[in-house]
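Asks: Have a look at the structure that comes next, please.
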Amino acid sequence: MGSMYQGDIEIIEADTRLRYAQCVQIRTRVFVIGQNVPAEREIDQHEDVCLHYVALAGAVPVGTVRWRTYAPDTAKIERLAVLDGARGRGIGSGLMAYLLDEIPRHPEFSYVKLASQDHAIPFYTAMGFEVIGDAFDDGGLPHHDMILKLRVCSNGGK
Ligand SMILES: CC(C)(COP(=O)(O)OP(=O)(O)OC[C@H]1O[C@@H](n2cnc3c(N)ncnc32)[C@H](O)[C@@H]1OP(=O)(O)O)[C@@H](O)C(=O)NCCC(=O)NCCS
């Protein structure tokens, strides 16, 4: 079952080979072709442990994201990508909103981490993420780590 966003946008878990292939195809177009990230870096050793999601616009795959356990109390969101022609319609923020609803269902996580390309820092800041640490290069692109502390809901604590 997926979630509907903005009319015809549906987000579903990419839990079949076909859906995963659609995620990789979007990532290839956005990161490898669009941003010159080396293909051998784009697909990494974490693929199998990640949960992958695809955003469909009228059933056409247009966006993707994945997440995984990074540390016992920290989830990490990676590979957020929306096809060029589908940007600016809320699909990227919809994929993030989906994961920021999903990840807190796993009570072990207190933090969500990601490595933002520098141009996208304002996009994640708007969702509550904060920059931590110094700039670094990944795949030839400048990045900063960002972190979001999840609210603790039990006992009215903070
Ligand atoms: C970053 C990306 C995923 C955003 O996807 P999108 O579907 O266009 O984003 P949305 O339409 O949900 O945008 C939500 C808001 O963020 C803003 N925004 C989008 N991309 C932004 C960026 N790169 N920098 C700053 N703000 C951005 C939008 O203007 C919008 O603001 P608004 O709500 O005030 O109108 C998309 O541009 C993309 O795939 N880029 C290339 C790959 C990439 O850089 N991925 C991120 C890796 S860390």
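Chains: A, B, ... in order of the structure tokens. Residues: from 1 per chain. Ligands: from 1, in order shown.
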Looking only at the backbone, which of the residues in range 37-89 of chain A does DSSP tag as strand (DSSP E), as a list in words?

Replies: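 Reading the DSSP output for range 37-89 of chain A, strand (DSSP E) covers Leu51, His52, Tyr53, Val54, Ala55, Leu56, Ala57, Val60, Pro61, Val62, Gly63, Thr64, Val65, Arg66, Trp67, Arg68, Thr69, Tyr70, Ala71, Thr74, Ala75, Lys76, Ile77, Glu78, Arg79, Leu80, Ala81 and Val82 of chain A.
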
Asks: Need the shell around Gly7 in chain A: protein/DNA/RNA residues with any atom at most 12 Å away, counting only C-alpha atoms. Skip same-chain ones fewer than 4 positions apart. Format as a PDB file with C-alpha atoms, in the first residue's frame?

Replies:
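Saved result, result29.pdb, follows:
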ATOM      1  CA  SER A   3       0.563   6.996   0.159  1.00  0.00           C
ATOM      2  CA  ILE A  11       4.823   6.533  -2.944  1.00  0.00           C
ATOM      3  CA  LEU A  56       4.885   7.248  -9.166  1.00  0.00           C
ATOM      4  CA  ALA A  57       3.219  10.107 -11.036  1.00  0.00           C
ATOM      5  CA  GLY A  58       0.182   8.634 -12.739  1.00  0.00           C
ATOM      6  CA  ALA A  59       1.947   5.220 -12.428  1.00  0.00           C
ATOM      7  CA  ARG A  89       5.914  19.445  -7.655  1.00  0.00           C
ATOM      8  CA  GLY A  90       6.475  18.340  -4.070  1.00  0.00           C
ATOM      9  CA  ILE A  91       7.720  14.849  -4.965  1.00  0.00           C
ATOM     10  CA  GLY A  94       6.793  13.981  -0.311  1.00  0.00           C
TER      11      GLY A  94
END

Asks: With the cut-off set at 10 Å and counting only C-alpha atoms and all ligand atoms, tabulate each residue of chain A with an atom at most that distance from an atom of ligand 1, showing the nearest atom pair and its distance in Å to one decimal, ordered by chain and increasing number, as JSON lines.

Replies:
{"residue": "A:Ile26", "atom": "CA", "partner": "ligand 1", "partner_atom_place_in_ligand_line": "39 (O)", "distance": 9.2}
{"residue": "A:Arg27", "atom": "CA", "partner": "ligand 1", "partner_atom_place_in_ligand_line": "42 (C)", "distance": 8.3}
{"residue": "A:Arg29", "atom": "CA", "partner": "ligand 1", "partner_atom_place_in_ligand_line": "41 (C)", "distance": 9.7}
{"residue": "A:Val30", "atom": "CA", "partner": "ligand 1", "partner_atom_place_in_ligand_line": "42 (C)", "distance": 5.9}
{"residue": "A:Phe31", "atom": "CA", "partner": "ligand 1", "partner_atom_place_in_ligand_line": "42 (C)", "distance": 6.4}
{"residue": "A:Gly34", "atom": "CA", "partner": "ligand 1", "partner_atom_place_in_ligand_line": "41 (C)", "distance": 7.9}
{"residue": "A:Gln35", "atom": "CA", "partner": "ligand 1", "partner_atom_place_in_ligand_line": "41 (C)", "distance": 7.8}
{"residue": "A:Ala55", "atom": "CA", "partner": "ligand 1", "partner_atom_place_in_ligand_line": "7 (O)", "distance": 9.9}
{"residue": "A:Val62", "atom": "CA", "partner": "ligand 1", "partner_atom_place_in_ligand_line": "7 (O)", "distance": 9.1}
{"residue": "A:Gly63", "atom": "CA", "partner": "ligand 1", "partner_atom_place_in_ligand_line": "39 (O)", "distance": 7.5}
{"residue": "A:Thr64", "atom": "CA", "partner": "ligand 1", "partner_atom_place_in_ligand_line": "3 (C)", "distance": 8.5}
{"residue": "A:Val65", "atom": "CA", "partner": "ligand 1", "partner_atom_place_in_ligand_line": "3 (C)", "distance": 8.8}
{"residue": "A:Ile77", "atom": "CA", "partner": "ligand 1", "partner_atom_place_in_ligand_line": "48 (S)", "distance": 9.1}
{"residue": "A:Glu78", "atom": "CA", "partner": "ligand 1", "partner_atom_place_in_ligand_line": "48 (S)", "distance": 7.3}
{"residue": "A:Arg79", "atom": "CA", "partner": "ligand 1", "partner_atom_place_in_ligand_line": "47 (C)", "distance": 6.1}
{"residue": "A:Leu80", "atom": "CA", "partner": "ligand 1", "partner_atom_place_in_ligand_line": "45 (N)", "distance": 5.0}
{"residue": "A:Ala81", "atom": "CA", "partner": "ligand 1", "partner_atom_place_in_ligand_line": "39 (O)", "distance": 3.5}
{"residue": "A:Val82", "atom": "CA", "partner": "ligand 1", "partner_atom_place_in_ligand_line": "39 (O)", "distance": 3.8}
{"residue": "A:Leu83", "atom": "CA", "partner": "ligand 1", "partner_atom_place_in_ligand_line": "39 (O)", "distance": 6.1}
{"residue": "A:Asp84", "atom": "CA", "partner": "ligand 1", "partner_atom_place_in_ligand_line": "39 (O)", "distance": 7.0}
{"residue": "A:Gly85", "atom": "CA", "partner": "ligand 1", "partner_atom_place_in_ligand_line": "8 (O)", "distance": 9.0}
{"residue": "A:Ala86", "atom": "CA", "partner": "ligand 1", "partner_atom_place_in_ligand_line": "7 (O)", "distance": 6.6}
{"residue": "A:Arg87", "atom": "CA", "partner": "ligand 1", "partner_atom_place_in_ligand_line": "8 (O)", "distance": 3.3}
{"residue": "A:Gly88", "atom": "CA", "partner": "ligand 1", "partner_atom_place_in_ligand_line": "11 (O)", "distance": 3.2}
{"residue": "A:Arg89", "atom": "CA", "partner": "ligand 1", "partner_atom_place_in_ligand_line": "11 (O)", "distance": 4.2}
{"residue": "A:Gly90", "atom": "CA", "partner": "ligand 1", "partner_atom_place_in_ligand_line": "12 (O)", "distance": 3.2}
{"residue": "A:Ile91", "atom": "CA", "partner": "ligand 1", "partner_atom_place_in_ligand_line": "7 (O)", "distance": 3.9}
{"residue": "A:Gly92", "atom": "CA", "partner": "ligand 1", "partner_atom_place_in_ligand_line": "7 (O)", "distance": 3.5}
{"residue": "A:Ser93", "atom": "CA", "partner": "ligand 1", "partner_atom_place_in_ligand_line": "12 (O)", "distance": 3.6}
{"residue": "A:Gly94", "atom": "CA", "partner": "ligand 1", "partner_atom_place_in_ligand_line": "12 (O)", "distance": 6.1}
{"residue": "A:Leu95", "atom": "CA", "partner": "ligand 1", "partner_atom_place_in_ligand_line": "12 (O)", "distance": 8.0}
{"residue": "A:Met96", "atom": "CA", "partner": "ligand 1", "partner_atom_place_in_ligand_line": "12 (O)", "distance": 8.4}
{"residue": "A:Ala97", "atom": "CA", "partner": "ligand 1", "partner_atom_place_in_ligand_line": "12 (O)", "distance": 9.5}
{"residue": "A:Leu114", "atom": "CA", "partner": "ligand 1", "partner_atom_place_in_ligand_line": "48 (S)", "distance": 7.5}
{"residue": "A:Ala115", "atom": "CA", "partner": "ligand 1", "partner_atom_place_in_ligand_line": "48 (S)", "distance": 6.0}
{"residue": "A:Ser116", "atom": "CA", "partner": "ligand 1", "partner_atom_place_in_ligand_line": "48 (S)", "distance": 3.8}
{"residue": "A:Gln117", "atom": "CA", "partner": "ligand 1", "partner_atom_place_in_ligand_line": "48 (S)", "distance": 4.4}
{"residue": "A:Asp118", "atom": "CA", "partner": "ligand 1", "partner_atom_place_in_ligand_line": "48 (S)", "distance": 7.6}
{"residue": "A:His119", "atom": "CA", "partner": "ligand 1", "partner_atom_place_in_ligand_line": "23 (N)", "distance": 5.0}
{"residue": "A:Ala120", "atom": "CA", "partner": "ligand 1", "partner_atom_place_in_ligand_line": "23 (N)", "distance": 4.0}
{"residue": "A:Ile121", "atom": "CA", "partner": "ligand 1", "partner_atom_place_in_ligand_line": "24 (N)", "distance": 6.5}
{"residue": "A:Pro122", "atom": "CA", "partner": "ligand 1", "partner_atom_place_in_ligand_line": "25 (C)", "distance": 4.9}
{"residue": "A:Phe123", "atom": "CA", "partner": "ligand 1", "partner_atom_place_in_ligand_line": "26 (N)", "distance": 4.3}
{"residue": "A:Tyr124", "atom": "CA", "partner": "ligand 1", "partner_atom_place_in_ligand_line": "16 (O)", "distance": 7.9}
{"residue": "A:Thr125", "atom": "CA", "partner": "ligand 1", "partner_atom_place_in_ligand_line": "25 (C)", "distance": 9.2}
{"residue": "A:Ala126", "atom": "CA", "partner": "ligand 1", "partner_atom_place_in_ligand_line": "16 (O)", "distance": 7.8}
{"residue": "A:Met127", "atom": "CA", "partner": "ligand 1", "partner_atom_place_in_ligand_line": "16 (O)", "distance": 9.4}
{"residue": "A:Leu141", "atom": "CA", "partner": "ligand 1", "partner_atom_place_in_ligand_line": "44 (O)", "distance": 9.7}
{"residue": "A:Pro142", "atom": "CA", "partner": "ligand 1", "partner_atom_place_in_ligand_line": "48 (S)", "distance": 9.9}
{"residue": "A:His143", "atom": "CA", "partner": "ligand 1", "partner_atom_place_in_ligand_line": "48 (S)", "distance": 7.7}
{"residue": "A:His144", "atom": "CA", "partner": "ligand 1", "partner_atom_place_in_ligand_line": "48 (S)", "distance": 9.0}
{"residue": "A:Asp145", "atom": "CA", "partner": "ligand 1", "partner_atom_place_in_ligand_line": "48 (S)", "distance": 9.5}
{"residue": "A:Met146", "atom": "CA", "partner": "ligand 1", "partner_atom_place_in_ligand_line": "48 (S)", "distance": 9.9}

Asks: Residues as selected, C-alpha atoms, written as a compact mmCIF listing (two decimals), in the first residue's frame, can you do that?

Replies:
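part.txt, freshly written:
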# COMPACT_ATOMS: atom_id res chain seq x y z
CA ILE A 26 16.05 7.09 -11.76
CA ARG A 27 19.28 7.28 -9.71
CA ARG A 29 19.61 9.36 -14.75
CA VAL A 30 19.82 11.87 -11.89
CA PHE A 31 23.22 11.12 -10.31
CA GLY A 34 22.88 14.31 -14.52
CA GLN A 35 25.62 14.92 -11.94
CA ALA A 55 7.33 7.80 -6.30
CA VAL A 62 9.67 9.75 -11.22
CA GLY A 63 11.39 9.75 -7.83
CA THR A 64 13.20 7.50 -5.39
CA VAL A 65 14.88 7.35 -1.99
CA ILE A 77 18.35 8.52 4.33
CA GLU A 78 20.21 8.29 1.02
CA ARG A 79 19.86 8.66 -2.76
CA LEU A 80 16.90 11.06 -2.84
CA ALA A 81 16.35 11.77 -6.52
CA VAL A 82 13.53 13.19 -8.64
CA LEU A 83 13.68 13.20 -12.44
CA ASP A 84 14.40 16.62 -13.90
CA GLY A 85 11.02 17.01 -15.55
CA ALA A 86 9.13 16.14 -12.36
CA ARG A 87 10.87 18.56 -9.96
CA GLY A 88 9.16 21.39 -8.12
CA ARG A 89 5.91 19.45 -7.66
CA GLY A 90 6.47 18.34 -4.07
CA ILE A 91 7.72 14.85 -4.96
CA GLY A 92 11.10 15.19 -3.20
CA SER A 93 9.54 16.63 -0.07
CA GLY A 94 6.79 13.98 -0.31
CA LEU A 95 9.39 11.18 -0.32
CA MET A 96 11.09 12.78 2.70
CA ALA A 97 7.77 13.22 4.52
CA LEU A 114 21.81 12.23 5.76
CA ALA A 115 24.64 13.61 3.66
CA SER A 116 23.32 16.60 1.75
CA GLN A 117 24.75 17.94 -1.44
CA ASP A 118 25.46 21.55 -0.56
CA HIS A 119 22.82 22.95 -2.95
CA ALA A 120 20.12 20.94 -1.16
CA ILE A 121 20.93 22.05 2.42
CA PRO A 122 18.02 24.58 2.48
CA PHE A 123 15.66 21.83 1.25
CA TYR A 124 16.51 19.65 4.29
CA THR A 125 16.78 22.58 6.73
CA ALA A 126 13.12 23.31 5.98
CA MET A 127 12.33 19.82 7.35
CA LEU A 141 30.19 16.75 -5.22
CA PRO A 142 30.49 18.90 -2.05
CA HIS A 143 28.43 17.57 0.86
CA HIS A 144 27.67 18.24 4.54
CA ASP A 145 26.26 15.76 7.02
CA MET A 146 22.89 16.76 8.45

Asks: Using only C-alpha atoms, what does the table of range 5-54 of chain A residues within 12 Å of range 98-110 of chain A look like, with each row giving the shortest atom pair and its distance in Å to one decimal, sorted by chain and ascending number, as JSON lines?

Replies:
{"residue": "A:Tyr5", "atom": "CA", "partner": "A:Tyr98", "partner_atom": "CA", "distance": 9.8}
{"residue": "A:Glu10", "atom": "CA", "partner": "A:Tyr98", "partner_atom": "CA", "distance": 10.5}
{"residue": "A:Ile11", "atom": "CA", "partner": "A:Tyr98", "partner_atom": "CA", "distance": 7.8}
{"residue": "A:Ile12", "atom": "CA", "partner": "A:Tyr98", "partner_atom": "CA", "distance": 9.5}
{"residue": "A:Glu13", "atom": "CA", "partner": "A:Tyr98", "partner_atom": "CA", "distance": 10.4}
{"residue": "A:Leu51", "atom": "CA", "partner": "A:Leu99", "partner_atom": "CA", "distance": 10.2}
{"residue": "A:His52", "atom": "CA", "partner": "A:Leu99", "partner_atom": "CA", "distance": 10.3}
{"residue": "A:Tyr53", "atom": "CA", "partner": "A:Leu99", "partner_atom": "CA", "distance": 9.1}
{"residue": "A:Val54", "atom": "CA", "partner": "A:Tyr98", "partner_atom": "CA", "distance": 10.9}

Asks: Can you tell me which residues surround Tyr111 in chain A at a distance of at most 7 Å, considering only C-alpha atoms, apart from same-chain residues fewer than 5 positions away, and format the answer as a PDB file with C-alpha atoms, in the first residue's frame?

Replies:
ATOM      1  CA  ASP A  73      19.895   4.770  17.368  1.00  0.00           C
ATOM      2  CA  THR A  74      20.324   6.381  13.932  1.00  0.00           C
ATOM      3  CA  ALA A  75      18.627   5.847  10.567  1.00  0.00           C
ATOM      4  CA  ILE A 147      20.936  15.342  11.389  1.00  0.00           C
ATOM      5  CA  LEU A 148      17.372  15.442  12.671  1.00  0.00           C
ATOM      6  CA  LYS A 149      16.551  14.535  16.278  1.00  0.00           C
ATOM      7  CA  LEU A 150      13.271  12.635  16.422  1.00  0.00           C
TER       8      LEU A 150
END

Asks: Quote the spacing between CA of Thr69 in chain A and CA of Val112 in chain A in Å to one decimal place.

Replies: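 Atom-to-atom, CA of Thr69 in chain A and CA of Val112 in chain A are spaced 9.4 Å apart.
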
Asks: What is the CA of Ala14 in chain A to CA of Cys50 in chain A distance in Å?

Replies: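 Interatomic distance here is 10.4 Å.
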
Asks: What is the distance, in Å and to one decimal place, between CA of Ala39 in chain A and CA of Ile9 in chain A?

Replies: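 Distance between the two atoms: 28.0 Å.
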
Asks: Env of Pro38 in chain A: 9 Å cut, atoms = only C-alpha atoms, seq-sep filter 5 positions within chain, self excluded. Answer as a PyMOL selection string.

Replies: chain A and resi 31-32+139-140

Asks: For those residues, write N, CA and C atoms to a file as a compact mmCIF listing (two decimals), in the first residue's frame.

Replies:
# COMPACT_ATOMS: atom_id res chain seq x y z
N PHE A 31 21.88 10.97 -10.90
CA PHE A 31 23.22 11.12 -10.31
C PHE A 31 24.34 10.84 -11.32
N VAL A 32 24.23 9.73 -12.05
CA VAL A 32 25.34 9.33 -12.93
C VAL A 32 25.34 10.18 -14.20
N GLY A 139 31.65 11.47 -4.49
CA GLY A 139 31.36 11.34 -5.92
C GLY A 139 31.65 12.61 -6.70
N GLY A 140 32.58 13.42 -6.18
CA GLY A 140 32.95 14.66 -6.87
C GLY A 140 32.06 15.85 -6.52

Asks: Give the alpha helix (DSSP H) residues of range 7-154 of chain A, as DSSP finds them on the backbone, and put them as a PyMOL selection string.

Replies: chain A and resi 17-27+34-35+39-42+91-102+121-125
